[in-house]
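Structure file run-v3.txt (compact mmCIF, C-alpha atoms) follows.
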```
# COMPACT_ATOMS: atom_id res chain seq x y z
CA MET A 1 126.19 142.04 125.58
CA THR A 2 128.31 143.79 122.97
CA ALA A 3 130.42 145.44 125.68
CA THR A 4 131.64 142.14 127.04
CA GLN A 5 132.52 140.98 123.54
CA ASP A 6 134.75 144.03 123.17
CA VAL A 7 136.83 143.26 126.24
CA ILE A 8 140.50 142.95 125.24
CA VAL A 9 142.48 140.73 127.59
CA PRO A 10 145.89 139.21 126.74
CA ARG A 11 145.90 135.51 125.98
CA PHE A 12 148.40 133.82 128.24
CA ASP A 13 147.49 130.41 126.83
CA ASP A 14 146.99 129.05 130.34
CA GLU A 15 144.22 126.77 129.22
CA GLU A 16 146.44 125.09 126.64
CA GLU A 17 148.52 122.28 128.08
CA THR A 18 151.07 122.26 125.31
CA GLY A 19 153.62 120.32 127.33
CA ARG A 20 156.32 122.22 125.47
CA THR A 21 159.78 121.21 126.64
CA LEU A 22 163.13 122.70 125.71
CA ALA A 23 166.34 120.69 126.09
CA ILE A 24 169.56 122.69 125.98
CA ILE A 25 172.93 120.99 125.73
CA CYS A 26 175.70 123.26 127.01
CA SER A 27 179.00 121.97 125.64
CA LYS A 28 181.19 125.09 125.81
CA GLY A 29 183.10 126.49 128.76
CA ASN A 30 184.08 129.88 127.40
CA LEU A 31 182.40 132.78 129.15
CA ASP A 32 180.74 134.04 125.97
CA MET A 33 179.38 130.61 125.10
CA ALA A 34 177.97 130.04 128.58
CA TYR A 35 175.41 132.79 128.15
CA PRO A 36 173.32 131.79 125.11
CA GLY A 37 172.02 128.64 126.82
CA LEU A 38 171.33 130.43 130.09
CA ILE A 39 169.52 133.33 128.44
CA LEU A 40 167.35 131.05 126.32
CA ALA A 41 166.61 128.78 129.29
CA ASN A 42 165.55 131.78 131.33
CA ALA A 43 163.36 133.12 128.53
CA ALA A 44 161.69 129.75 128.02
CA LEU A 45 161.00 129.32 131.74
CA GLY A 46 159.40 132.76 131.79
CA GLU A 47 157.07 131.59 129.03
CA GLY A 48 155.94 128.56 130.98
CA VAL A 49 158.11 126.09 129.03
CA THR A 50 159.70 123.12 130.81
CA VAL A 51 163.49 123.38 130.54
CA HIS A 52 166.27 120.82 130.97
CA LEU A 53 169.94 121.83 130.66
CA PHE A 54 172.57 119.17 130.08
CA PHE A 55 176.17 120.15 130.79
CA THR A 56 178.78 118.20 128.90
CA PHE A 57 182.41 118.43 127.82
CA TRP A 58 183.73 121.99 128.20
CA GLY A 59 180.29 123.11 129.33
CA PHE A 60 181.02 121.20 132.53
CA ASP A 61 183.04 124.20 133.72
CA MET A 62 179.73 126.06 134.09
CA ILE A 63 178.69 123.74 136.92
CA ILE A 64 181.98 122.79 138.60
CA LYS A 65 182.01 124.84 141.81
CA SER A 66 185.72 125.63 141.65
CA ARG A 67 185.54 126.82 138.02
CA MET A 68 182.07 128.30 137.47
CA ASN A 69 183.02 131.71 138.93
CA ASP A 70 186.01 132.05 136.71
CA LEU A 71 185.06 131.35 133.08
CA LYS A 72 187.22 133.15 130.53
CA PHE A 73 186.70 134.81 127.21
CA SER A 74 189.42 134.78 124.58
CA PRO A 75 189.50 136.96 121.47
CA SER A 76 191.70 134.29 119.88
CA GLY A 77 189.95 132.67 116.95
CA ASN A 78 187.04 135.07 117.26
CA THR A 79 187.03 137.36 114.25
CA ALA A 80 183.94 139.17 115.51
CA MET A 81 185.88 140.65 118.45
CA HIS A 82 185.89 144.43 118.11
CA MET A 83 187.37 147.34 119.98
CA PRO A 84 184.96 148.73 122.61
CA MET A 85 183.76 151.45 120.26
CA GLY A 86 183.03 151.28 116.56
CA ASP A 87 183.68 148.56 114.05
CA VAL A 88 187.47 148.19 114.45
CA ARG A 89 188.38 144.52 114.71
CA ILE A 90 191.15 143.28 116.98
CA PRO A 91 193.78 141.77 114.65
CA GLN A 92 193.98 138.01 115.15
CA ALA A 93 197.79 138.27 115.41
CA LEU A 94 197.33 140.27 118.63
CA ALA A 95 194.65 138.03 120.11
CA PRO A 96 196.98 135.42 121.69
CA LEU A 97 199.28 138.01 123.29
CA PRO A 98 199.69 137.96 127.09
CA GLY A 99 197.09 140.11 128.77
CA MET A 100 194.54 139.95 125.96
CA GLN A 101 192.45 137.21 127.51
CA PRO A 102 192.15 138.85 130.95
CA MET A 103 191.37 142.17 129.31
CA ALA A 104 188.75 140.67 127.00
CA THR A 105 187.22 138.69 129.89
CA HIS A 106 187.08 141.79 132.06
CA MET A 107 185.45 143.78 129.26
CA LEU A 108 182.85 141.15 128.53
CA LYS A 109 181.99 140.70 132.21
CA LYS A 110 181.51 144.45 132.53
CA GLN A 111 179.30 144.65 129.45
CA ILE A 112 177.17 141.78 130.75
CA ALA A 113 176.93 143.31 134.23
CA ASP A 114 175.99 146.71 132.76
CA LEU A 115 172.92 145.06 131.24
CA GLY A 116 171.90 143.74 134.65
CA VAL A 117 172.61 140.16 133.55
CA PRO A 118 173.97 138.03 136.39
CA GLU A 119 177.22 136.08 136.49
CA VAL A 120 176.99 132.38 135.69
CA PRO A 121 176.44 131.02 139.25
CA ASP A 122 173.72 133.60 140.03
CA PHE A 123 172.14 132.95 136.66
CA LEU A 124 172.00 129.21 137.37
CA GLU A 125 170.42 129.92 140.75
CA HIS A 126 167.74 132.04 139.07
CA ILE A 127 167.08 129.31 136.49
CA VAL A 128 166.71 126.66 139.20
CA ALA A 129 164.39 128.94 141.20
CA SER A 130 162.33 129.37 138.02
CA GLY A 131 161.90 125.61 137.76
CA GLY A 132 164.72 124.74 135.33
CA LYS A 133 166.48 121.39 135.76
CA LEU A 134 170.26 121.05 135.56
CA TRP A 135 171.86 117.74 134.60
CA ALA A 136 175.53 116.78 134.53
CA CYS A 137 176.98 114.47 131.90
CA LYS A 138 178.37 111.22 133.33
CA MET A 139 181.18 110.89 130.84
CA SER A 140 182.31 114.45 131.53
CA ALA A 141 182.18 113.80 135.27
CA ASP A 142 184.34 110.72 134.81
CA MET A 143 186.78 112.57 132.55
CA ASN A 144 187.11 115.44 135.02
CA HIS A 145 187.20 113.06 138.02
CA VAL A 146 184.41 114.94 139.77
CA THR A 147 181.43 113.80 141.80
CA MET A 148 178.22 115.52 142.88
CA ASP A 149 180.21 117.09 145.75
CA ASP A 150 182.23 119.08 143.23
CA LEU A 151 179.18 120.29 141.32
CA TYR A 152 176.93 123.27 141.81
CA ASP A 153 174.26 122.50 144.40
CA GLY A 154 171.41 123.05 141.95
CA VAL A 155 172.48 120.14 139.74
CA GLU A 156 169.86 117.36 139.94
CA ALA A 157 172.11 114.41 139.16
CA ILE A 158 174.89 113.01 137.03
CA ILE A 159 173.24 111.11 134.20
CA ASN A 160 174.40 109.49 130.98
CA ALA A 161 173.47 110.55 127.46
CA SER A 162 170.77 107.88 127.14
CA ASP A 163 169.14 109.08 130.34
CA PHE A 164 169.04 112.61 128.99
CA ILE A 165 167.56 111.54 125.66
CA GLU A 166 164.91 109.56 127.51
CA LEU A 167 164.21 112.44 129.88
CA THR A 168 163.68 114.88 127.03
CA ALA A 169 161.48 112.75 124.78
CA GLY A 170 159.54 115.03 122.45
CA ALA A 171 161.48 118.13 123.51
CA GLN A 172 162.83 120.81 121.25
CA LEU A 173 166.59 120.66 121.43
CA LEU A 174 169.37 123.21 121.31
CA PHE A 175 173.04 122.27 121.12
CA ILE A 176 175.35 125.07 122.19
CA MET B 1 144.73 152.77 120.27
CA PRO B 2 141.89 150.47 121.39
CA VAL B 3 139.76 151.33 124.41
CA THR B 4 138.31 148.49 126.41
CA THR B 5 136.16 148.17 129.49
CA ILE B 6 137.29 145.90 132.30
CA ASP B 7 134.84 145.52 135.16
CA GLY B 8 133.41 148.99 134.48
CA HIS B 9 136.83 150.69 134.07
CA GLU B 10 137.40 152.21 130.66
CA ILE B 11 141.09 151.90 129.74
CA HIS B 12 143.40 152.40 126.75
CA VAL B 13 145.20 149.22 125.76
CA ASP B 14 147.47 147.89 123.03
CA ASP B 15 146.30 145.22 120.59
CA GLU B 16 147.01 142.47 123.11
CA GLY B 17 145.24 144.20 125.99
CA PHE B 18 148.17 145.65 127.97
CA MET B 19 147.41 149.11 129.34
CA THR B 20 149.06 152.03 127.60
CA VAL B 21 148.21 154.94 129.91
CA TYR B 22 150.05 154.72 133.24
CA ASP B 23 147.70 157.04 135.12
CA GLU B 24 144.53 155.15 134.21
CA TRP B 25 145.62 152.46 136.68
CA ASP B 26 144.61 152.06 140.31
CA GLU B 27 144.56 149.09 142.64
CA THR B 28 140.85 148.45 142.23
CA LEU B 29 141.44 148.17 138.51
CA ALA B 30 144.48 145.94 139.14
CA ALA B 31 142.32 143.46 141.01
CA SER B 32 139.93 143.43 138.05
CA LEU B 33 142.80 142.94 135.57
CA ALA B 34 144.09 140.06 137.70
CA SER B 35 140.68 138.51 137.84
CA ALA B 36 140.36 138.80 134.04
CA ILE B 37 143.39 136.50 133.67
CA GLY B 38 142.32 134.13 136.42
CA ILE B 39 144.37 135.48 139.31
CA GLU B 40 142.99 136.52 142.68
CA MET B 41 145.12 139.19 144.33
CA SER B 42 146.34 137.95 147.70
CA ASP B 43 148.34 140.03 150.18
CA ASP B 44 151.57 138.50 148.85
CA ALA B 45 150.70 139.36 145.28
CA TRP B 46 150.48 143.12 145.86
CA GLY B 47 154.14 143.55 146.85
CA PRO B 48 155.67 142.76 143.46
CA ILE B 49 152.93 144.70 141.62
CA ARG B 50 153.61 147.83 143.69
CA PHE B 51 157.35 147.37 143.22
CA MET B 52 156.89 147.17 139.45
CA ARG B 53 154.83 150.37 139.38
CA ALA B 54 157.47 152.23 141.39
CA ASP B 55 160.36 150.77 139.41
CA PHE B 56 158.71 151.75 136.14
CA THR B 57 158.49 155.38 137.23
CA SER B 58 162.17 155.49 138.24
CA GLU B 59 163.61 153.41 135.37
CA GLY B 60 161.25 154.25 132.52
CA HIS B 61 160.62 150.64 131.57
CA THR B 62 159.00 147.52 132.97
CA PRO B 63 161.34 145.46 135.20
CA THR B 64 162.15 141.89 134.22
CA LEU B 65 161.35 138.95 136.48
CA ARG B 66 164.95 138.83 137.66
CA ARG B 67 164.88 142.52 138.56
CA VAL B 68 161.67 142.03 140.54
CA ALA B 69 163.44 139.20 142.38
CA THR B 70 166.84 140.83 142.99
CA VAL B 71 166.03 144.53 143.31
CA GLY B 72 162.48 144.13 144.62
CA GLY B 73 163.53 141.34 146.95
CA PHE B 74 160.81 138.87 146.00
CA ASP B 75 161.44 135.14 145.86
CA THR B 76 161.49 133.82 142.27
CA LYS B 77 159.77 130.55 143.17
CA GLY B 78 157.08 132.52 144.98
CA LEU B 79 156.49 134.71 141.93
CA PHE B 80 156.00 131.63 139.76
CA ALA B 81 153.51 130.35 142.35
CA LEU B 82 151.57 133.62 142.51
CA PHE B 83 151.58 134.28 138.76
CA PRO B 84 151.88 130.83 137.20
CA LYS B 85 153.78 130.01 134.01
CA LYS B 86 154.40 133.55 132.72
CA PRO B 87 155.00 135.64 135.85
CA ALA B 88 156.74 138.62 134.21
CA LYS B 89 154.04 139.18 131.62
CA LYS B 90 151.19 138.54 134.02
CA MET B 91 152.61 140.91 136.62
CA ALA B 92 153.17 143.57 133.95
CA TYR B 93 149.57 143.20 132.84
CA ILE B 94 148.17 143.50 136.36
CA ALA B 95 150.48 146.46 137.08
CA GLY B 96 149.15 148.25 134.01
CA LEU B 97 152.59 148.33 132.36
CA PRO B 98 153.96 147.25 128.97
CA LYS B 99 155.45 143.78 128.67
CA PRO B 100 159.07 143.72 129.89
CA ALA B 101 161.47 144.37 127.01
CA GLY B 102 164.65 143.08 128.68
CA CYS B 103 165.88 139.53 128.08
CA VAL B 104 167.02 138.76 131.62
```

Can you give me the file's structure in the form of structure tokens?
Amino acid sequence: MTATQDVIVPRFDDEEETGRTLAIICSKGNLDMAYPGLILANAALGEGVTVHLFFTFWGFDMIIKSRMNDLKFSPSGNTAMHMPMGDVRIPQALAPLPGMQPMATHMLKKQIADLGVPEVPDFLEHIVASGGKLWACKMSADMNHVTMDDLYDGVEAIINASDFIELTAGAQLLFI
Amino acid sequence: MPVTTIDGHEIHVDDEGFMTVYDEWDETLAASLASAIGIEMSDDAWGPIRFMRADFTSEGHTPTLRRVATVGGFDTKGLFALFPKKPAKKMAYIAGLPKPAGCV
């Protein structure tokens, strides 16, 4: 009898129906700001959490088919932008110069790829395959003059803010 | 390091129960580990487990769910169906490996 009491098995909390839901509002369209929401969504899905992502304002670029492959990163206004090695900051006066944005974007994409992290469209595909739900903001769709045909295939629907609030009742919420 | 007995197999584990000695694992034990967390090993379930064991030996760490899907070639939806809710951790447990450390 004592032997069975000593059995150590991980608790995966399967028996607990917590109903935990995470709502993530993605409002930024810069390459660097696309990733936090995707990484957290992916982590939550892997922990059995229900996840809804709502794309709004600049975050709409993450789900517009013609733009989602080509998000940019700018060092302008980002004082935490360093040279590839060490702690040397890129002076803000240089940040807006021609060529800086493509270079910074290229560098960031390479760093992300080196970690085995997918580009935005592949990441969205993985999130959808893991059970995550993608929602597009109606006001942003109207502002950008886009319809479902222009949006990434994995998007569930274009919904308004009230719909999203209703959909995510009781959820934990992240605004990015 | 705790030692525990699963279905007659004596194994070294961490505080949570994940195996810590790679060579103490075999497929008979894997079936017992799966059963201990409520999973019955079907034919489809062995593919990703074997991939994870092989990938661990070549890479030195446990693959993430995405790596199992993209490099191993297993369908993500299918992995969630086979190992519900927490596929990466459950597969790591059954494969006798540490929990994946990577974020994606």

Each chain A residue no farther than 10 Å from chain B, nearest pair in Å, all atoms listed in the file, as CSV:
```
residue,atom,partner,partner_atom,distance
A:Ala3,CA,B:Thr5,CA,7.4
A:Thr4,CA,B:Thr5,CA,7.9
A:Gln5,CA,B:Thr4,CA,9.9
A:Asp6,CA,B:Thr4,CA,6.6
A:Val7,CA,B:Thr4,CA,5.4
A:Ile8,CA,B:Gly17,CA,5.0
A:Val9,CA,B:Gly17,CA,4.7
A:Pro10,CA,B:Glu16,CA,5.0
A:Arg11,CA,B:Glu16,CA,7.6
A:Phe12,CA,B:Lys86,CA,7.5
A:Asp13,CA,B:Lys85,CA,9.6
A:Asp14,CA,B:Lys85,CA,7.8
A:Leu38,CA,B:Val104,CA,9.5
A:Ile39,CA,B:Val104,CA,6.8
A:Leu40,CA,B:Cys103,CA,8.8
A:Asn42,CA,B:Val104,CA,7.1
A:Ala43,CA,B:Cys103,CA,6.9
A:Ala44,CA,B:Lys86,CA,9.5
A:Leu45,CA,B:Lys85,CA,7.6
A:Gly46,CA,B:Lys86,CA,5.1
A:Glu47,CA,B:Lys86,CA,5.0
A:Gly48,CA,B:Lys85,CA,4.0
A:Val49,CA,B:Lys85,CA,7.7
A:Thr50,CA,B:Lys85,CA,9.6
A:Leu115,CA,B:Val104,CA,8.6
A:Gly116,CA,B:Val104,CA,7.6
A:Val117,CA,B:Val104,CA,6.1
A:Pro118,CA,B:Val104,CA,8.5
A:Phe123,CA,B:Val104,CA,9.2
A:Glu125,CA,B:Thr76,CA,9.9
A:His126,CA,B:Thr76,CA,7.2
A:Ile127,CA,B:Thr76,CA,9.2
A:Val128,CA,B:Lys77,CA,8.9
A:Ala129,CA,B:Lys77,CA,5.3
A:Ser130,CA,B:Lys77,CA,5.9
A:Gly131,CA,B:Lys77,CA,7.6
```

I want to know what sits within 7 Å of region 40-56 of chain B, based on only C-alpha atoms, with residues of the same chain fewer than 3 positions away left out; could you give that as JSON, numbers by chain? {"B": [31, 34, 35, 59, 60, 61, 62, 63, 68, 72, 74, 82, 91, 95]}

Counting only C-alpha atoms, closest pick from A:Leu97, A:Val51, A:Ile159, A:Ile24 relative to Phe175 (chain A) is A:Ile24

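Closest approach to Leu29 (chain B) among B:Ile94, B:Val71, B:Ala101, B:Met1 is made by B:Ile94 (distances from all atoms listed in the file).
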
Students should find that CA of Asp23 (chain B) and CA of Lys99 (chain B) are spaced 16.7 Å

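Compared by their closest atoms to Tyr35 (chain A), and using all atoms listed in the file, the residues A:Cys137, A:Ile63, A:Val120, A:Met107 rank with A:Val120 nearest.
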
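Using all atoms listed in the file, the shortest contact distance between Ser32 (chain B) and any of B:Ser58, B:Gly96, B:Phe83, B:Gly73 is found at B:Gly96.
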